[in-house]
file entry.tsv (TSV, C-alpha atoms)
chain	number	residue	atom	x	y	z
K	1	ASN	CA	85.94	111.04	94.51
K	2	ALA	CA	85.28	108.24	96.97
K	3	GLY	CA	81.81	107.79	95.43
K	4	VAL	CA	79.28	106.15	97.74
K	5	THR	CA	80.71	104.72	100.96
K	6	GLN	CA	78.98	102.49	103.48
K	7	THR	CA	79.95	101.38	106.96
K	8	PRO	CA	80.15	98.84	108.41
K	9	LYS	CA	80.77	96.14	105.79
K	10	PHE	CA	79.57	93.37	108.07
K	11	GLN	CA	77.44	93.38	111.20
K	12	VAL	CA	75.90	90.74	113.45
K	13	LEU	CA	73.06	91.77	115.75
K	14	LYS	CA	70.88	90.02	118.26
K	15	THR	CA	67.13	90.26	117.98
K	16	GLY	CA	65.91	93.50	119.52
K	17	GLN	CA	69.14	95.42	119.16
K	18	SER	CA	69.26	98.69	117.28
K	19	MET	CA	71.94	100.05	115.01
K	20	THR	CA	72.64	102.60	112.30
K	21	LEU	CA	74.03	101.83	108.87
K	22	GLN	CA	76.04	104.73	107.54
K	23	CYS	CA	76.01	105.99	103.95
K	24	ALA	CA	77.87	108.96	102.52
K	25	GLN	CA	78.48	110.32	99.03
K	26	ASP	CA	80.82	113.03	97.85
K	27	MET	CA	79.29	113.68	94.42
K	28	ASN	CA	76.81	116.35	95.55
K	29	HIS	CA	73.92	114.08	94.56
K	30	GLU	CA	70.44	115.17	95.52
K	31	TYR	CA	68.82	111.74	95.47
K	32	MET	CA	69.83	109.00	97.87
K	33	SER	CA	68.18	105.70	98.62
K	34	TRP	CA	68.47	102.48	100.60
K	35	TYR	CA	67.79	99.04	99.14
K	36	ARG	CA	67.91	95.59	100.59
K	37	GLN	CA	68.91	92.60	98.52
K	38	ASP	CA	67.59	89.17	99.36
K	39	PRO	CA	68.14	85.92	97.44
K	40	GLY	CA	65.56	85.39	94.71
K	41	MET	CA	63.82	88.71	95.36
K	42	GLY	CA	65.98	91.33	93.71
K	43	LEU	CA	66.62	94.71	95.27
K	44	ARG	CA	63.76	96.40	97.09
K	45	LEU	CA	63.59	100.05	98.08
K	46	ILE	CA	63.41	100.81	101.81
K	47	HIS	CA	63.55	104.61	102.00
K	48	TYR	CA	64.68	107.41	99.78
K	49	SER	CA	65.46	111.12	99.91
K	50	VAL	CA	65.24	113.76	97.17
K	51	GLY	CA	67.30	116.28	99.12
K	52	ALA	CA	68.40	117.38	102.57
K	53	GLY	CA	65.47	117.40	104.97
K	54	ILE	CA	63.20	115.36	102.67
K	55	THR	CA	62.67	111.64	103.03
K	56	ASP	CA	59.95	109.20	102.04
K	57	GLN	CA	59.09	105.53	102.26
K	58	GLY	CA	59.81	102.94	99.65
K	59	GLU	CA	58.44	99.48	99.14
K	60	VAL	CA	59.58	97.88	102.43
K	61	PRO	CA	59.97	100.63	105.08
K	62	ASN	CA	58.71	98.84	108.20
K	63	GLY	CA	61.32	98.56	110.94
K	64	TYR	CA	63.61	101.20	109.46
K	65	ASN	CA	64.04	104.95	109.93
K	66	VAL	CA	66.04	107.47	107.94
K	67	SER	CA	66.98	111.12	108.14
K	68	ARG	CA	68.81	113.46	105.78
K	69	SER	CA	70.34	116.41	107.59
K	70	THR	CA	73.04	117.01	104.97
K	71	THR	CA	73.36	116.40	101.26
K	72	GLU	CA	76.25	113.97	101.85
K	73	ASP	CA	74.86	111.62	104.51
K	74	PHE	CA	71.86	109.30	104.61
K	75	PRO	CA	71.94	106.92	107.59
K	76	LEU	CA	69.55	103.99	107.94
K	77	ARG	CA	68.44	103.05	111.44
K	78	LEU	CA	67.15	99.66	112.48
K	79	LEU	CA	64.91	100.28	115.44
K	80	SER	CA	64.61	96.76	116.89
K	81	ALA	CA	66.37	94.20	114.74
K	82	ALA	CA	64.51	91.06	113.69
K	83	PRO	CA	65.80	87.94	111.88
K	84	SER	CA	63.71	88.98	108.86
K	85	GLN	CA	66.03	91.95	108.48
K	86	THR	CA	68.98	89.70	107.72
K	87	SER	CA	70.01	90.93	104.30
K	88	VAL	CA	72.53	92.89	102.30
K	89	TYR	CA	71.86	96.62	102.39
K	90	PHE	CA	72.88	98.96	99.60
K	91	CYS	CA	72.90	102.71	99.54
K	92	ALA	CA	72.62	104.46	96.18
K	93	SER	CA	72.71	108.01	94.93
K	94	SER	CA	72.09	109.92	91.74
K	95	TYR	CA	72.30	113.52	90.64
K	96	THR	CA	68.56	114.03	90.46
K	97	GLY	CA	65.68	111.87	91.59
K	98	ARG	CA	62.76	112.74	89.37
K	99	THR	CA	61.46	114.93	86.57
K	100	GLY	CA	61.94	112.79	83.55
K	101	GLY	CA	63.51	109.87	85.30
K	102	PHE	CA	66.46	108.99	87.46
K	103	ASP	CA	69.96	109.68	86.35
K	104	GLU	CA	72.59	106.99	86.50
K	105	GLN	CA	72.56	105.38	89.92
K	106	PHE	CA	75.78	104.91	91.91
K	107	PHE	CA	75.81	102.17	94.52
K	108	GLY	CA	77.87	101.67	97.62
K	109	PRO	CA	79.65	98.35	98.37
K	110	GLY	CA	76.93	97.15	100.73
K	111	THR	CA	76.54	96.15	104.36
K	112	ARG	CA	75.96	92.47	105.09
K	113	LEU	CA	73.73	92.24	108.17
K	114	THR	CA	72.89	89.11	110.12
K	115	VAL	CA	70.29	89.19	112.88
K	116	LEU	CA	70.37	86.22	115.24
U	1	LYS	CA	53.01	96.60	89.87
U	2	GLN	CA	55.94	96.37	87.50
U	3	GLU	CA	57.32	92.84	87.20
U	4	VAL	CA	60.85	92.44	85.89
U	5	THR	CA	62.10	89.02	84.81
U	6	GLN	CA	65.57	87.93	83.79
U	7	ILE	CA	65.97	84.54	82.18
U	8	PRO	CA	68.10	82.49	82.47
U	9	ALA	CA	69.11	82.84	86.10
U	10	ALA	CA	72.57	81.50	85.27
U	11	LEU	CA	74.60	81.15	82.09
U	12	SER	CA	78.01	79.61	81.33
U	13	VAL	CA	79.82	80.29	78.06
U	14	PRO	CA	83.33	79.66	76.75
U	15	GLU	CA	85.65	82.62	76.41
U	16	GLY	CA	85.31	84.52	73.14
U	17	GLU	CA	81.65	83.75	72.62
U	18	ASN	CA	79.11	86.47	71.94
U	19	LEU	CA	76.11	86.32	74.25
U	20	VAL	CA	72.77	87.95	74.96
U	21	LEU	CA	71.16	88.52	78.35
U	22	ASN	CA	67.45	89.10	78.51
U	23	CYS	CA	65.23	91.36	80.60
U	24	SER	CA	61.46	91.45	80.25
U	25	PHE	CA	58.98	93.76	81.96
U	26	THR	CA	55.23	94.05	82.22
U	27	ASP	CA	54.58	97.82	82.19
U	28	SER	CA	55.97	99.84	79.30
U	29	ALA	CA	55.35	103.22	80.95
U	30	ILE	CA	59.00	103.77	81.84
U	31	TYR	CA	61.44	106.65	81.84
U	32	ASN	CA	64.51	104.54	81.29
U	33	LEU	CA	66.15	101.17	81.85
U	34	GLN	CA	69.56	100.53	83.37
U	35	TRP	CA	71.82	97.54	83.18
U	36	PHE	CA	74.10	96.88	86.16
U	37	ARG	CA	76.91	94.52	86.91
U	38	GLN	CA	77.41	93.02	90.38
U	39	ASP	CA	80.54	91.15	91.37
U	40	PRO	CA	80.32	88.69	94.29
U	41	GLY	CA	80.21	90.52	97.61
U	42	LYS	CA	80.29	93.90	95.92
U	43	GLY	CA	77.92	96.70	95.03
U	44	LEU	CA	76.30	97.40	91.69
U	45	THR	CA	78.08	99.15	88.87
U	46	SER	CA	76.04	100.90	86.21
U	47	LEU	CA	76.86	99.70	82.70
U	48	LEU	CA	74.35	101.36	80.42
U	49	LEU	CA	71.27	103.55	80.76
U	50	ILE	CA	68.73	103.66	77.93
U	51	GLN	CA	66.14	106.41	77.88
U	52	SER	CA	62.61	105.39	76.90
U	53	SER	CA	62.95	107.33	73.65
U	54	GLN	CA	66.09	105.42	72.66
U	55	ARG	CA	66.39	102.02	71.01
U	56	GLU	CA	69.91	101.14	72.07
U	57	GLN	CA	73.09	102.22	73.81
U	58	THR	CA	76.63	101.03	73.31
U	59	SER	CA	79.70	101.04	75.51
U	60	GLY	CA	82.75	99.15	74.33
U	61	ARG	CA	81.84	95.48	73.92
U	62	LEU	CA	78.40	96.04	75.44
U	63	ASN	CA	75.24	96.91	73.55
U	64	ALA	CA	71.87	97.27	75.21
U	65	SER	CA	68.60	97.47	73.33
U	66	LEU	CA	65.13	98.47	74.44
U	67	ASP	CA	61.80	97.52	72.89
U	68	LYS	CA	59.04	99.03	75.02
U	69	SER	CA	56.22	97.68	72.86
U	70	SER	CA	57.26	94.11	73.55
U	71	GLY	CA	58.47	94.78	77.09
U	72	ARG	CA	61.98	93.58	76.44
U	73	SER	CA	65.56	94.67	76.77
U	74	THR	CA	68.68	92.76	75.83
U	75	LEU	CA	72.30	93.18	76.82
U	76	TYR	CA	74.68	91.94	74.16
U	77	ILE	CA	78.26	91.17	75.20
U	78	ALA	CA	80.73	90.68	72.36
U	79	ALA	CA	83.81	88.49	72.58
U	80	SER	CA	83.23	87.51	76.20
U	81	GLN	CA	86.17	87.39	78.62
U	82	PRO	CA	86.61	85.71	82.02
U	83	GLY	CA	86.55	89.18	83.57
U	84	ASP	CA	82.96	89.53	82.39
U	85	SER	CA	81.93	86.87	84.93
U	86	ALA	CA	79.44	88.54	87.27
U	87	THR	CA	75.73	88.91	87.89
U	88	TYR	CA	73.97	91.26	85.50
U	89	LEU	CA	70.82	93.05	86.63
U	90	CYS	CA	68.37	95.23	84.78
U	91	ALA	CA	66.33	97.92	86.50
U	92	LEU	CA	63.40	99.97	85.28
U	93	ASP	CA	62.53	103.52	86.21
U	94	GLN	CA	58.75	103.46	85.94
U	95	THR	CA	56.60	106.51	85.37
U	96	GLY	CA	54.86	107.52	88.57
U	97	ALA	CA	57.05	105.39	90.83
U	98	ASN	CA	59.76	106.57	93.19
U	99	ASN	CA	62.15	103.70	92.85
U	100	LEU	CA	63.82	101.42	90.37
U	101	PHE	CA	62.29	97.99	89.78
U	102	PHE	CA	65.02	95.38	89.64
U	103	GLY	CA	65.16	91.97	88.08
U	104	THR	CA	66.77	89.13	90.03
U	105	GLY	CA	69.71	88.98	87.66
U	106	THR	CA	71.56	86.56	85.42
U	107	ARG	CA	74.76	85.07	86.82
U	108	LEU	CA	77.26	84.85	83.97
U	109	THR	CA	80.33	82.63	84.03
U	110	VAL	CA	82.84	82.92	81.20
U	111	ILE	CA	85.05	79.84	81.08
U	112	PRO	CA	88.69	80.37	80.00

call {"tool": "encode", "arguments": {"input": "entry.tsv", "output": "structure tokens"}}
result
Amino acid sequence: NAGVTQTPKFQVLKTGQSMTLQCAQDMNHEYMSWYRQDPGMGLRLIHYSVGAGITDQGEVPNGYNVSRSTTEDFPLRLLSAAPSQTSVYFCASSYTGRTGGFDEQFFGPGTRLTVL
Amino acid sequence: KQEVTQIPAALSVPEGENLVLNCSFTDSAIYNLQWFRQDPGKGLTSLLLIQSSQREQTSGRLNASLDKSSGRSTLYIAASQPGDSATYLCALDQTGANNLFFGTGTRLTVIP
């Protein structure tokens, strides 16, 4: 198993540009999520999905879109990049998302994004 | 809103020492608590998951405890090694929420 993979590893954007961060998992996990990690603030949830075709907002969803057309893939789209979106982005997955709590979470290696 | 605190933010110990990392939280209505390890520039690796009904979990040299009544969890690392150097984060799965609540982590350095 490759686990959770993310591409690209690094990205530099100019303000106003759009891009898509890719996330894929090969563990047949139902639950997938996107977090951003900023210094001194811990990880914060952006969007999550409990299965193909189902997505919902997390704590900091503004400026981001997601879709889940397959179980394996969960891309994160930045609509119009802003310097405030400079961060490290992590994708995570687990076997189930709710009903008695999350299972063990598996994280991807992260995408380091800089917006100029 | 759940607040998760990890103190200290950084810790240096000599190799071989036993150590305890702390995680405190404000809302005890949780499903479980997870401890993660993060190496510089890398993703998070799950170390231990403690269900709310459990008091502790063990994996090798690691032992995690959970005391919901006091809002505390500890991660005990026995006989520390330089390879244990990393940032350790705790995360809570809170009842009624749709995400994990993360602490900001403790950066551990084990000195050879």

call {"tool": "closest_atom_pairs", "arguments": {"input": "entry.tsv", "of": "chain U", "to": "chain K", "cutoff": "7 Å", "atoms": "only C-alpha atoms", "output": "tab-separated table"}}
result
residue	atom	partner	partner_atom	distance
U:Tyr31	CA	K:Gly101	CA	5.2
U:Asn32	CA	K:Gly101	CA	6.7
U:Lys42	CA	K:Pro109	CA	5.1
U:Gly43	CA	K:Pro109	CA	4.1
U:Leu44	CA	K:Phe107	CA	5.6
U:Thr45	CA	K:Phe107	CA	6.8
U:Ser46	CA	K:Gln105	CA	6.8
U:Leu49	CA	K:Glu104	CA	6.8
U:Asp93	CA	K:Gly101	CA	6.5
U:Asn99	CA	K:Leu45	CA	6.5
U:Phe102	CA	K:Gly42	CA	5.8
U:Gly103	CA	K:Gly42	CA	5.7
U:Thr104	CA	K:Gly42	CA	4.4

call {"tool": "residues_around", "arguments": {"input": "entry.tsv", "residues": "range 50-58 of chain U", "least_positions_apart": "3", "cutoff": "8 Å", "atoms": "all atoms listed in the file", "output": "list of chain:residue names"}}
result
U:Ile30, U:Tyr31, U:Asn32, U:Leu33, U:Gln34, U:Arg61, U:Leu62, U:Asn63, U:Ala64, U:Ser65, U:Leu66, U:Asp67, U:Lys68

call {"tool": "atom_distance", "arguments": {"input": "entry.tsv", "atom1": "CA of Pro40 in chain U", "atom2": "CA of Phe10 in chain K"}}
result
14.6 Å

call {"tool": "atom_distance", "arguments": {"input": "entry.tsv", "atom1": "CA of Thr7 in chain K", "atom2": "CA of Leu76 in chain K"}}
result
10.8 Å

call {"tool": "atom_distance", "arguments": {"input": "entry.tsv", "atom1": "CA of Val20 in chain U", "atom2": "CA of Gly60 in chain U"}}
result
15.0 Å

call {"tool": "residues_near_point", "arguments": {"input": "entry.tsv", "point": "(67.1, 85.7, 86.9)", "cutoff": "8 Å", "atoms": "all atoms listed in the file", "output": "list in words"}}
result
Gly40 of chain K; Thr5, Gln6, Ile7, Pro8, Ala9, Ala10, Gly103, Thr104, Gly105, Thr106 and Arg107 of chain U

call {"tool": "residues_near_point", "arguments": {"input": "entry.tsv", "point": "(77.0, 81.7, 80.3)", "cutoff": "10 Å", "atoms": "all atoms listed in the file", "output": "PyMOL selection string"}}
result
chain U and resi 8-15+17-21+80+85+106-111

call {"tool": "closest_residue", "arguments": {"input": "entry.tsv", "among": "K:Gly53, K:Gln11, K:Asn62, K:Ser18", "to": "Leu79 in chain K", "atoms": "all atoms listed in the file"}}
result
K:Ser18

call {"tool": "residues_around", "arguments": {"input": "entry.tsv", "residues": "Gly63 in chain K", "least_positions_apart": "4", "cutoff": "8 Å", "atoms": "all atoms listed in the file", "output": "MDAnalysis selection string"}}
result
chainID K and resid 78:81

call {"tool": "closest_residue", "arguments": {"input": "entry.tsv", "among": "K:Thr55, K:Thr96, K:Ser84, K:Leu113", "to": "Leu21 in chain K", "atoms": "only C-alpha atoms"}}
result
K:Leu113
